[in-house]
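What's in protein_5.cif: mmCIF, C-alpha atoms
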```cif
data_upload
#
loop_
_atom_site.group_PDB
_atom_site.id
_atom_site.type_symbol
_atom_site.label_atom_id
_atom_site.label_comp_id
_atom_site.auth_asym_id
_atom_site.auth_seq_id
_atom_site.Cartn_x
_atom_site.Cartn_y
_atom_site.Cartn_z
ATOM 1 C CA MET A 37 33.243 75.347 -29.156
ATOM 2 C CA ASN A 38 35.450 77.727 -27.226
ATOM 3 C CA VAL A 39 34.526 80.572 -29.589
ATOM 4 C CA LEU A 40 30.847 79.821 -29.081
ATOM 5 C CA ALA A 41 31.268 79.865 -25.294
ATOM 6 C CA GLU A 42 32.979 83.264 -25.467
ATOM 7 C CA LYS A 43 30.314 84.721 -27.759
ATOM 8 C CA LYS A 44 27.546 83.435 -25.479
ATOM 9 C CA GLY A 45 29.052 85.381 -22.603
ATOM 10 C CA LEU A 46 29.285 88.580 -24.629
ATOM 11 C CA ILE A 47 25.710 88.182 -25.878
ATOM 12 C CA ILE A 48 24.431 87.818 -22.299
ATOM 13 C CA PHE A 49 26.514 90.824 -21.235
ATOM 14 C CA GLY A 50 25.230 92.889 -24.141
ATOM 15 C CA ALA A 51 21.610 91.955 -23.463
ATOM 16 C CA ILE A 52 21.876 92.927 -19.779
ATOM 17 C CA LEU A 53 23.640 96.155 -20.741
ATOM 18 C CA LEU A 54 20.833 97.092 -23.118
ATOM 19 C CA VAL A 55 18.081 96.472 -20.552
ATOM 20 C CA VAL A 56 19.968 98.381 -17.855
ATOM 21 C CA LEU A 57 20.694 101.280 -20.202
ATOM 22 C CA ILE A 58 17.044 101.660 -21.193
ATOM 23 C CA ALA A 59 15.921 101.523 -17.554
ATOM 24 C CA ALA A 60 18.569 104.055 -16.488
ATOM 25 C CA LEU A 61 17.680 106.479 -19.290
ATOM 26 C CA ALA A 62 13.974 106.202 -18.474
ATOM 27 C CA ALA A 63 14.696 106.883 -14.793
ATOM 28 C CA TYR A 64 16.917 109.851 -15.695
ATOM 29 C CA GLN A 65 14.174 111.287 -17.905
ATOM 30 C CA THR A 66 11.802 111.083 -14.945
ATOM 31 C CA THR A 67 14.077 112.468 -12.260
ATOM 32 C CA GLY A 68 16.422 114.829 -14.091
ATOM 33 C CA SER A 69 19.984 115.602 -13.079
ATOM 34 C CA MET A 70 20.800 115.886 -9.372
ATOM 35 C CA GLY A 71 23.491 114.836 -6.922
ATOM 36 C CA ILE A 72 23.328 111.489 -5.172
ATOM 37 C CA GLU A 73 22.390 112.932 -1.767
ATOM 38 C CA ASP A 74 19.585 114.936 -3.336
ATOM 39 C CA ARG A 75 18.407 111.800 -5.137
ATOM 40 C CA TYR A 76 18.145 109.907 -1.870
ATOM 41 C CA ALA A 77 16.439 112.807 -0.136
ATOM 42 C CA THR A 78 13.891 113.134 -2.947
ATOM 43 C CA ALA A 79 13.311 109.372 -3.096
ATOM 44 C CA VAL A 80 12.490 109.012 0.610
ATOM 45 C CA GLY A 81 10.751 112.356 1.088
ATOM 46 C CA LEU A 82 13.395 114.229 3.049
ATOM 47 C CA PRO A 83 13.837 117.972 2.422
ATOM 48 C CA LEU A 84 16.645 118.858 0.044
ATOM 49 C CA SER A 85 19.708 120.322 1.749
ATOM 50 C CA PRO A 86 20.687 123.819 0.623
ATOM 51 C CA GLU A 87 23.613 124.218 -1.795
ATOM 52 C CA GLU A 88 26.856 124.322 0.199
ATOM 53 C CA GLY A 89 29.597 126.842 -0.333
ATOM 54 C CA GLY A 90 29.010 129.798 -2.538
ATOM 55 C CA GLY A 91 30.896 132.599 -4.093
ATOM 56 C CA ASP A 92 32.988 132.335 -7.171
ATOM 57 C CA ASP A 93 34.121 128.807 -8.052
ATOM 58 C CA THR A 94 35.903 129.846 -11.224
ATOM 59 C CA PHE A 95 39.603 129.651 -11.949
ATOM 60 C CA LEU A 96 40.763 132.450 -14.222
ATOM 61 C CA GLY A 97 37.124 132.872 -15.191
ATOM 62 C CA PHE A 98 36.885 129.183 -16.139
ATOM 63 C CA SER A 99 34.509 126.849 -14.250
ATOM 64 C CA ALA A 100 35.020 123.072 -14.316
ATOM 65 C CA GLU A 101 32.032 121.902 -12.274
ATOM 66 C CA GLY A 102 29.141 120.706 -14.409
ATOM 67 C CA ASN A 103 31.050 121.336 -17.627
ATOM 68 C CA HIS A 104 30.306 118.162 -19.592
ATOM 69 C CA ILE A 105 32.546 119.095 -22.515
ATOM 70 C CA LEU A 106 35.455 119.434 -20.129
ATOM 71 C CA TYR A 107 34.685 116.015 -18.650
ATOM 72 C CA VAL A 108 34.799 114.505 -22.147
ATOM 73 C CA ILE A 109 38.085 116.271 -22.932
ATOM 74 C CA ILE A 110 39.696 115.109 -19.684
ATOM 75 C CA LEU A 111 38.377 111.577 -20.199
ATOM 76 C CA GLY A 112 39.752 111.597 -23.733
ATOM 77 C CA ILE A 113 43.179 112.725 -22.496
ATOM 78 C CA LEU A 114 43.154 109.984 -19.844
ATOM 79 C CA ILE A 115 42.193 107.304 -22.375
ATOM 80 C CA VAL A 116 44.869 108.429 -24.833
ATOM 81 C CA GLY A 117 47.445 108.616 -22.033
ATOM 82 C CA ALA A 118 46.495 105.166 -20.695
ATOM 83 C CA TYR A 119 46.675 103.700 -24.211
ATOM 84 C CA ALA A 120 50.100 105.255 -24.788
ATOM 85 C CA VAL A 121 51.406 103.828 -21.505
ATOM 86 C CA TYR A 122 49.905 100.441 -22.345
ATOM 87 C CA LYS A 123 51.546 100.396 -25.779
ATOM 88 C CA LYS A 124 54.921 101.417 -24.402
ATOM 89 C CA TYR A 125 54.974 98.908 -21.524
ATOM 90 C CA LYS A 126 52.842 96.172 -23.082
ATOM 91 C CA ILE A 127 53.408 92.749 -21.472
ATOM 92 C CA MET B 994 25.969 103.276 -6.144
ATOM 93 C CA ALA B 995 23.771 101.256 -3.777
ATOM 94 C CA HIS B 996 25.680 102.755 -0.859
ATOM 95 C CA ILE B 997 22.957 104.403 1.276
ATOM 96 C CA HIS B 998 23.566 108.163 1.156
ATOM 97 C CA LEU B 999 21.399 109.236 4.073
ATOM 98 C CA GLU B 1000 22.582 111.279 7.016
ATOM 99 C CA ASP B 1001 22.624 110.269 10.650
ATOM 100 C CA GLY B 1002 19.155 110.631 12.095
ATOM 101 C CA SER B 1003 17.393 109.201 9.039
ATOM 102 C CA PHE B 1004 16.891 105.843 10.760
ATOM 103 C CA THR B 1005 15.641 105.525 14.326
ATOM 104 C CA LEU B 1006 18.194 104.437 16.934
ATOM 105 C CA PHE B 1007 16.549 101.021 17.055
ATOM 106 C CA TRP B 1008 17.174 100.329 13.383
ATOM 107 C CA VAL B 1009 20.674 101.780 13.497
ATOM 108 C CA LEU B 1010 21.481 99.239 16.202
ATOM 109 C CA VAL B 1011 19.740 96.392 14.371
ATOM 110 C CA TRP B 1012 21.788 96.904 11.196
ATOM 111 C CA TRP B 1013 25.002 97.480 13.123
ATOM 112 C CA ILE B 1014 24.491 94.268 15.106
ATOM 113 C CA ALA B 1015 23.714 92.340 11.912
ATOM 114 C CA ALA B 1016 26.864 93.729 10.279
ATOM 115 C CA LEU B 1017 28.985 92.908 13.331
ATOM 116 C CA CYS B 1018 27.619 89.338 13.341
ATOM 117 C CA LEU B 1019 28.600 89.035 9.687
ATOM 118 C CA ILE B 1020 32.070 90.359 10.432
ATOM 119 C CA GLY B 1021 32.363 87.963 13.372
ATOM 120 C CA ILE B 1022 31.487 85.020 11.140
ATOM 121 C CA ALA B 1023 34.037 86.177 8.552
ATOM 122 C CA LEU B 1024 36.759 86.467 11.204
ATOM 123 C CA TYR B 1025 35.908 83.036 12.589
ATOM 124 C CA LEU B 1026 36.059 81.471 9.130
ATOM 125 C CA LEU B 1027 39.356 83.194 8.376
ATOM 126 C CA ARG B 1028 40.916 81.908 11.580
ATOM 127 C CA SER B 1029 39.567 78.386 11.415
ATOM 128 C CA ARG B 1030 39.001 77.378 7.809
ATOM 129 C CA TYR B 1031 40.055 79.852 5.140
ATOM 130 C CA LYS B 1032 43.434 80.958 6.415
ATOM 131 C CA PRO B 1033 44.601 83.474 3.791
ATOM 132 C CA ASP B 1034 48.116 83.307 2.403
ATOM 133 C CA PRO B 1035 50.274 86.478 2.166
ATOM 134 C CA LYS B 1036 49.469 86.849 -1.553
ATOM 135 C CA LYS B 1037 45.759 87.000 -0.862
ATOM 136 C CA ILE B 1038 46.255 89.493 1.959
ATOM 137 C CA THR B 1039 48.296 91.693 -0.373
ATOM 138 C CA ILE B 1040 45.573 91.560 -3.000
ATOM 139 C CA ALA B 1041 43.005 92.402 -0.309
ATOM 140 C CA ALA B 1042 45.048 95.424 0.759
ATOM 141 C CA PHE B 1043 45.281 96.770 -2.783
ATOM 142 C CA VAL B 1044 41.610 96.187 -3.444
ATOM 143 C CA THR B 1045 40.656 97.923 -0.181
ATOM 144 C CA ALA B 1046 42.660 100.996 -1.137
ATOM 145 C CA ALA B 1047 41.247 101.012 -4.664
ATOM 146 C CA ALA B 1048 37.667 100.586 -3.457
ATOM 147 C CA PHE B 1049 38.019 103.368 -0.881
ATOM 148 C CA ALA B 1050 39.448 105.716 -3.511
ATOM 149 C CA ILE B 1051 36.764 104.913 -6.059
ATOM 150 C CA PHE B 1052 34.035 105.416 -3.425
ATOM 151 C CA GLN B 1053 35.002 109.063 -3.240
ATOM 152 C CA VAL B 1054 35.078 109.757 -6.975
ATOM 153 C CA GLN B 1055 31.736 110.724 -8.457
ATOM 154 C CA VAL B 1056 31.203 109.648 -12.052
ATOM 155 C CA PRO B 1057 29.597 112.675 -13.760
ATOM 156 C CA ILE B 1058 26.564 110.787 -14.995
ATOM 157 C CA ALA B 1059 23.038 111.887 -14.096
ATOM 158 C CA GLY B 1060 24.343 114.407 -11.584
ATOM 159 C CA GLY B 1061 27.025 112.257 -10.036
ATOM 160 C CA VAL B 1062 27.146 108.693 -8.662
ATOM 161 C CA HIS B 1063 30.189 106.808 -7.423
ATOM 162 C CA MET B 1064 31.283 103.284 -8.240
ATOM 163 C CA ASN B 1065 31.921 100.622 -5.592
ATOM 164 C CA LEU B 1066 34.246 97.943 -7.004
ATOM 165 C CA THR B 1067 32.456 95.515 -4.646
ATOM 166 C CA PRO B 1068 31.923 92.809 -7.306
ATOM 167 C CA LEU B 1069 35.643 93.063 -8.107
ATOM 168 C CA ILE B 1070 36.358 92.588 -4.407
ATOM 169 C CA GLY B 1071 34.292 89.405 -4.509
ATOM 170 C CA ILE B 1072 36.034 88.133 -7.632
ATOM 171 C CA LEU B 1073 39.574 88.794 -6.375
ATOM 172 C CA THR B 1074 39.267 88.021 -2.657
ATOM 173 C CA GLY B 1075 36.054 86.070 -2.134
ATOM 174 C CA PRO B 1076 33.177 86.888 0.227
ATOM 175 C CA VAL B 1077 34.948 86.106 3.517
ATOM 176 C CA ILE B 1078 37.796 88.597 3.183
ATOM 177 C CA GLY B 1079 35.440 90.782 1.163
ATOM 178 C CA THR B 1080 33.266 91.273 4.261
ATOM 179 C CA LEU B 1081 36.171 92.808 6.139
ATOM 180 C CA ILE B 1082 37.117 94.951 3.152
ATOM 181 C CA VAL B 1083 33.673 96.528 2.813
ATOM 182 C CA PHE B 1084 33.597 97.174 6.567
ATOM 183 C CA ILE B 1085 36.924 99.005 6.422
ATOM 184 C CA VAL B 1086 35.900 100.998 3.366
ATOM 185 C CA ASN B 1087 32.611 102.043 4.961
ATOM 186 C CA ILE B 1088 34.292 103.039 8.222
ATOM 187 C CA LEU B 1089 36.880 105.155 6.407
ATOM 188 C CA SER B 1090 34.196 106.700 4.195
ATOM 189 C CA ALA B 1091 32.092 107.665 7.218
ATOM 190 C CA ALA B 1092 35.220 109.160 8.776
ATOM 191 C CA ILE B 1093 35.463 111.641 5.923
ATOM 192 C CA GLY B 1094 31.775 112.438 5.918
ATOM 193 C CA HIS B 1095 30.694 110.108 3.143
ATOM 194 C CA GLY B 1096 27.516 108.690 4.647
ATOM 195 C CA GLY B 1097 26.500 108.713 8.307
ATOM 196 C CA TRP B 1098 28.140 106.647 11.036
ATOM 197 C CA GLY B 1099 24.789 105.167 11.937
ATOM 198 C CA LEU B 1100 24.389 103.910 8.374
ATOM 199 C CA VAL B 1101 27.683 101.992 8.362
ATOM 200 C CA GLY B 1102 25.988 98.803 9.561
ATOM 201 C CA ALA B 1103 23.337 98.947 6.852
ATOM 202 C CA ASN B 1104 25.916 99.847 4.199
ATOM 203 C CA VAL B 1105 28.099 96.895 5.183
ATOM 204 C CA LEU B 1106 25.122 94.606 4.564
ATOM 205 C CA VAL B 1107 24.406 96.254 1.207
ATOM 206 C CA ASN B 1108 28.012 96.054 0.050
ATOM 207 C CA PHE B 1109 28.441 92.503 1.384
ATOM 208 C CA SER B 1110 25.507 91.376 -0.762
ATOM 209 C CA GLU B 1111 27.257 92.887 -3.795
ATOM 210 C CA VAL B 1112 30.510 91.098 -2.946
ATOM 211 C CA LEU B 1113 28.784 87.766 -2.352
ATOM 212 C CA VAL B 1114 26.594 87.814 -5.466
ATOM 213 C CA GLY B 1115 29.460 89.115 -7.603
ATOM 214 C CA TRP B 1116 31.593 86.188 -6.449
ATOM 215 C CA LEU B 1117 28.792 83.645 -6.927
ATOM 216 C CA ALA B 1118 27.881 84.966 -10.380
ATOM 217 C CA PHE B 1119 31.526 84.929 -11.479
ATOM 218 C CA LYS B 1120 31.900 81.305 -10.425
ATOM 219 C CA GLY B 1121 28.481 80.262 -11.720
ATOM 220 C CA MET B 1122 28.832 81.865 -15.150
ATOM 221 C CA LYS B 1123 31.946 79.780 -15.859
ATOM 222 C CA LYS B 1124 29.610 76.960 -16.887
ATOM 223 C CA ILE B 1125 28.250 79.229 -19.645
ATOM 224 C CA THR B 1126 31.291 81.104 -20.935
ATOM 225 C CA THR B 1127 35.073 81.224 -20.669
ATOM 226 C CA ASP B 1128 35.407 84.893 -21.642
ATOM 227 C CA LEU B 1129 36.689 86.670 -18.532
ATOM 228 C CA PHE B 1130 35.453 90.115 -19.627
ATOM 229 C CA SER B 1131 31.834 89.033 -19.928
ATOM 230 C CA LEU B 1132 32.103 86.804 -16.830
ATOM 231 C CA ALA B 1133 33.212 89.759 -14.736
ATOM 232 C CA GLY B 1134 30.814 92.163 -16.437
ATOM 233 C CA VAL B 1135 27.756 90.013 -15.818
ATOM 234 C CA ALA B 1136 28.924 89.311 -12.254
ATOM 235 C CA THR B 1137 29.175 93.082 -11.719
ATOM 236 C CA PHE B 1138 25.637 93.659 -12.974
ATOM 237 C CA ALA B 1139 24.326 90.838 -10.799
ATOM 238 C CA GLY B 1140 26.171 92.033 -7.698
ATOM 239 C CA LEU B 1141 25.205 95.679 -8.023
ATOM 240 C CA PHE B 1142 21.583 94.842 -8.813
ATOM 241 C CA THR B 1143 21.447 92.759 -5.641
ATOM 242 C CA GLY B 1144 22.976 95.632 -3.698
ATOM 243 C CA ASN B 1145 20.205 97.918 -4.896
ATOM 244 C CA ILE B 1146 17.558 95.395 -3.851
ATOM 245 C CA VAL B 1147 19.108 95.091 -0.380
ATOM 246 C CA MET B 1148 19.384 98.888 -0.121
ATOM 247 C CA ILE B 1149 15.687 99.302 -0.920
ATOM 248 C CA ALA B 1150 14.741 96.530 1.511
ATOM 249 C CA VAL B 1151 16.796 98.072 4.333
ATOM 250 C CA ILE B 1152 15.246 101.509 3.867
ATOM 251 C CA LEU B 1153 11.694 100.169 3.557
ATOM 252 C CA ILE B 1154 12.075 97.992 6.646
ATOM 253 C CA SER B 1155 13.678 100.754 8.717
ATOM 254 C CA GLY B 1156 11.508 103.613 7.574
ATOM 255 C CA ILE B 1157 12.756 107.216 7.559
ATOM 256 C CA GLN B 1158 12.232 109.496 10.542
ATOM 257 C CA GLY B 1159 10.215 112.618 9.953
ATOM 258 C CA VAL B 1160 8.819 111.848 6.510
ATOM 259 C CA HIS B 1161 5.195 111.404 5.588
ATOM 260 C CA GLN B 1162 5.508 109.442 2.374
ATOM 261 C CA THR B 1163 3.773 106.090 2.114
ATOM 262 C CA THR B 1164 5.773 102.894 1.636
ATOM 263 C CA ALA B 1165 4.610 102.726 -1.973
ATOM 264 C CA GLN B 1166 5.863 106.251 -2.650
ATOM 265 C CA ILE B 1167 9.240 105.514 -1.056
ATOM 266 C CA LEU B 1168 9.485 102.278 -3.050
ATOM 267 C CA ALA B 1169 8.725 104.147 -6.288
ATOM 268 C CA GLY B 1170 11.326 106.797 -5.497
ATOM 269 C CA LEU B 1171 13.984 104.254 -4.568
ATOM 270 C CA SER B 1172 13.255 102.197 -7.694
ATOM 271 C CA LEU B 1173 14.084 105.211 -9.839
ATOM 272 C CA LEU B 1174 17.236 105.714 -7.783
ATOM 273 C CA ALA B 1175 18.172 102.058 -8.274
ATOM 274 C CA ALA B 1176 17.717 102.408 -12.045
ATOM 275 C CA ILE B 1177 20.099 105.389 -12.068
ATOM 276 C CA ASN B 1178 22.575 103.396 -9.955
ATOM 277 C CA MET B 1179 22.417 100.571 -12.485
ATOM 278 C CA GLY B 1180 23.223 103.061 -15.236
ATOM 279 C CA VAL B 1181 26.526 103.745 -13.493
ATOM 280 C CA ALA B 1182 26.858 99.975 -13.055
ATOM 281 C CA ILE B 1183 27.414 99.873 -16.836
ATOM 282 C CA VAL B 1184 30.633 101.852 -16.358
ATOM 283 C CA GLU B 1185 31.650 99.638 -13.452
ATOM 284 C CA ALA B 1186 30.856 96.473 -15.443
ATOM 285 C CA PHE B 1187 33.182 97.575 -18.238
ATOM 286 C CA LEU B 1188 35.870 98.594 -15.754
ATOM 287 C CA THR B 1189 35.647 95.333 -13.795
ATOM 288 C CA GLY B 1190 35.539 93.284 -16.994
ATOM 289 C CA LEU B 1191 38.671 94.946 -18.355
ATOM 290 C CA ILE B 1192 40.536 94.591 -15.053
ATOM 291 C CA VAL B 1193 39.649 90.921 -14.653
ATOM 292 C CA ALA B 1194 40.429 90.150 -18.307
ATOM 293 C CA TYR B 1195 43.820 91.806 -17.960
ATOM 294 C CA ILE B 1196 44.610 90.002 -14.699
ATOM 295 C CA GLY B 1197 43.477 86.760 -16.304
ATOM 296 C CA LYS B 1198 45.916 87.348 -19.152
ATOM 297 C CA ILE B 1199 49.018 88.158 -17.080
ATOM 298 C CA ARG B 1200 48.359 86.509 -13.690
ATOM 299 C CA PRO B 1201 45.455 84.024 -13.883
ATOM 300 C CA ASP B 1202 46.427 82.576 -10.490
ATOM 301 C CA ILE B 1203 45.231 85.768 -8.809
ATOM 302 C CA LEU B 1204 41.613 85.259 -9.774
ATOM 303 C CA GLU B 1205 39.729 83.821 -6.829
ATOM 304 C CA GLY B 1206 37.826 81.317 -8.892
ATOM 305 C CA ASP B 1207 40.973 79.750 -10.224
ATOM 306 C CA ARG B 1208 42.288 78.947 -6.761
ATOM 307 C CA LYS B 1209 42.299 75.266 -5.937
#
```

Could the structure of this file be written out as structure tokens, please?
Amino acid sequence: MNVLAEKKGLIIFGAILLVVLIAALAAYQTTGSMGIEDRYATAVGLPLSPEEGGGDDTFLGFSAEGNHILYVIILGILIVGAYAVYKKYKI
Amino acid sequence: MAHIHLEDGSFTLFWVLVWWIAALCLIGIALYLLRSRYKPDPKKITIAAFVTAAAFAIFQVQVPIAGGVHMNLTPLIGILTGPVIGTLIVFIVNILSAAIGHGGWGLVGANVLVNFSEVLVGWLAFKGMKKITTDLFSLAGVATFAGLFTGNIVMIAVILISGIQGVHQTTAQILAGLSLLAAINMGVAIVEAFLTGLIVAYIGKIRPDILEGDRK
């Protein structure tokens, strides 16, 4: 009975996740990639603000902003690090 | 997330005041309830302090999905502290965020209402779902989806009611644009649902007394 109750919760969670994921992907296909302020401006009809800053944002010729592969690498390092800490100090 | 990312001047002064007054009334009610009925113990205040710090930090970190959206942790606030203390937490977080340029000062009132709705619905969904399942991960995950979806609805309602100064879009066009925005926000809600679910499941394993719903 307890197992069934737990599975019911996960099924509901999974179903909601699927619907939300499809809706989010469809919305992303329509709008494309943009920052949150630009999204709001576009949604309500305000003019987009010009890109702030400028000049060279690289470090030793290496740019982090917008580099999705780098995000995945950093996320992977964080997950591995968190798992290692969890295993070492597991309660 | 559903936090309204518009600059000062987007709403007319009238609507800025309306939302600020509504938020202050909500905060007043929360303070009254805390003083008269729900006097928090030191443990709960400590939890509230940690959650406030965590929520403020996470507000400033953009998840690199679809160009960048930040999480809120508002449903987690509801689950761990309840809606009364949660009201004060979201007010503090919004004030501090405005202080560092994250959203306009005039929008703080509206954002408090948006975030309060997330806290309240997250708390209600967490308590209500206990009749359906005992799995803390899915309880917290579904509560997160419910809370953040409600926040998006409130955000859209606030903007549609207030209108935006200086734009010529029709209400239908603004609604369509904000609906797409809400769908993107809910995509990031997936990340937050997993995060909240894992946090609550872990707390439930080591300190189940901390979870708001387990308090007698």

Answer key for the PyMOL selection byres ((chain B) within 7 of (chain A)), residues as number ranges by chain: B: 998-999, 1059-1062, 1125-1128, 1131-1132, 1134-1135, 1160, 1162, 1167, 1170-1171, 1173-1174, 1176-1177, 1179-1180, 1183

When you look at Val1147 in chain B with a cut-off of 8 Å (counting only C-alpha atoms), what residues show up, excluding the ones that are within fewer than 4 positions of it in the same chain? I need them as a PDB file with C-alpha atoms, keeping the file's coordinate frame.
```pdb
ATOM      1  CA  LEU B1106      25.122  94.606   4.564  1.00  0.00           C
ATOM      2  CA  VAL B1107      24.406  96.254   1.207  1.00  0.00           C
ATOM      3  CA  SER B1110      25.507  91.376  -0.762  1.00  0.00           C
ATOM      4  CA  THR B1143      21.447  92.759  -5.641  1.00  0.00           C
ATOM      5  CA  VAL B1151      16.796  98.072   4.333  1.00  0.00           C
TER       6      VAL B1151
END
```

May I ask which of the residues B:Gly1115, B:Gly1099, B:Pro1057, B:Gly1159 is the closest one to Val108 in chain A, counting all atoms listed in the file?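 With all atoms listed in the file as the atom set, the closest residue is B:Pro1057.
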
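CA of Val1181 in chain B to CA of Gly117 in chain A spans 23.1 Å [interatomic distance, one decimal].
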
Taking all atoms of range 1162-1169 of chain B that the file lists, what box with edges along x, y and z, padded by 3 Å per side, do you get, with centre and edge lengths in Å to one decimal, as lines of an AutoDock Vina configuration file?
```
center_x = 6.6
center_y = 105.9
center_z = -2.0
size_x = 11.7
size_y = 13.2
size_z = 14.7
```

Once the PyMOL selection byres ((chain B and resi 1077) around 12) is applied to the coordinates I shared, what remains selected? I want it as a PDB file with C-alpha atoms, in the coordinates of the input.
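The result, stored in expr_12.pdb:
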```
ATOM      1  CA  LEU B1019      28.600  89.035   9.687  1.00  0.00           C
ATOM      2  CA  ILE B1020      32.070  90.359  10.432  1.00  0.00           C
ATOM      3  CA  GLY B1021      32.363  87.963  13.372  1.00  0.00           C
ATOM      4  CA  ILE B1022      31.487  85.020  11.140  1.00  0.00           C
ATOM      5  CA  ALA B1023      34.037  86.177   8.552  1.00  0.00           C
ATOM      6  CA  LEU B1024      36.759  86.467  11.204  1.00  0.00           C
ATOM      7  CA  TYR B1025      35.908  83.036  12.589  1.00  0.00           C
ATOM      8  CA  LEU B1026      36.059  81.471   9.130  1.00  0.00           C
ATOM      9  CA  LEU B1027      39.356  83.194   8.376  1.00  0.00           C
ATOM     10  CA  ARG B1028      40.916  81.908  11.580  1.00  0.00           C
ATOM     11  CA  SER B1029      39.567  78.386  11.415  1.00  0.00           C
ATOM     12  CA  ARG B1030      39.001  77.378   7.809  1.00  0.00           C
ATOM     13  CA  TYR B1031      40.055  79.852   5.140  1.00  0.00           C
ATOM     14  CA  LYS B1032      43.434  80.958   6.415  1.00  0.00           C
ATOM     15  CA  PRO B1033      44.601  83.474   3.791  1.00  0.00           C
ATOM     16  CA  LYS B1037      45.759  87.000  -0.862  1.00  0.00           C
ATOM     17  CA  ILE B1038      46.255  89.493   1.959  1.00  0.00           C
ATOM     18  CA  ALA B1041      43.005  92.402  -0.309  1.00  0.00           C
ATOM     19  CA  ILE B1070      36.358  92.588  -4.407  1.00  0.00           C
ATOM     20  CA  GLY B1071      34.292  89.405  -4.509  1.00  0.00           C
ATOM     21  CA  ILE B1072      36.034  88.133  -7.632  1.00  0.00           C
ATOM     22  CA  LEU B1073      39.574  88.794  -6.375  1.00  0.00           C
ATOM     23  CA  THR B1074      39.267  88.021  -2.657  1.00  0.00           C
ATOM     24  CA  GLY B1075      36.054  86.070  -2.134  1.00  0.00           C
ATOM     25  CA  PRO B1076      33.177  86.888   0.227  1.00  0.00           C
ATOM     26  CA  ILE B1078      37.796  88.597   3.183  1.00  0.00           C
ATOM     27  CA  GLY B1079      35.440  90.782   1.163  1.00  0.00           C
ATOM     28  CA  THR B1080      33.266  91.273   4.261  1.00  0.00           C
ATOM     29  CA  LEU B1081      36.171  92.808   6.139  1.00  0.00           C
ATOM     30  CA  ILE B1082      37.117  94.951   3.152  1.00  0.00           C
ATOM     31  CA  VAL B1083      33.673  96.528   2.813  1.00  0.00           C
ATOM     32  CA  PHE B1084      33.597  97.174   6.567  1.00  0.00           C
ATOM     33  CA  PHE B1109      28.441  92.503   1.384  1.00  0.00           C
ATOM     34  CA  SER B1110      25.507  91.376  -0.762  1.00  0.00           C
ATOM     35  CA  VAL B1112      30.510  91.098  -2.946  1.00  0.00           C
ATOM     36  CA  LEU B1113      28.784  87.766  -2.352  1.00  0.00           C
ATOM     37  CA  TRP B1116      31.593  86.188  -6.449  1.00  0.00           C
ATOM     38  CA  GLU B1205      39.729  83.821  -6.829  1.00  0.00           C
TER      39      GLU B1205
END
```

Which neighbours of Leu1100 in chain B fall inside 9 Å, counting only C-alpha atoms, when residues of the same chain fewer than 2 positions from it are skipped, and could you give them as a ChimeraX atom specification? /B:997-1001,1003-1004,1009,1012-1013,1091,1096-1098,1102-1105

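Each of B:Ile1157, B:Ala1047, B:Ala1194, B:Leu1204 was compared to Gly1002 in chain B using only C-alpha atoms, and B:Ile1157 turns out to be the nearest.
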
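Rounded to one decimal, CA of Ile1085 in chain B and CA of Thr1045 in chain B lie 7.7 Å from each other.
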
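As for CA of Phe1119 in chain B and CA of Val1054 in chain B, they are spaced 25.5 Å apart.
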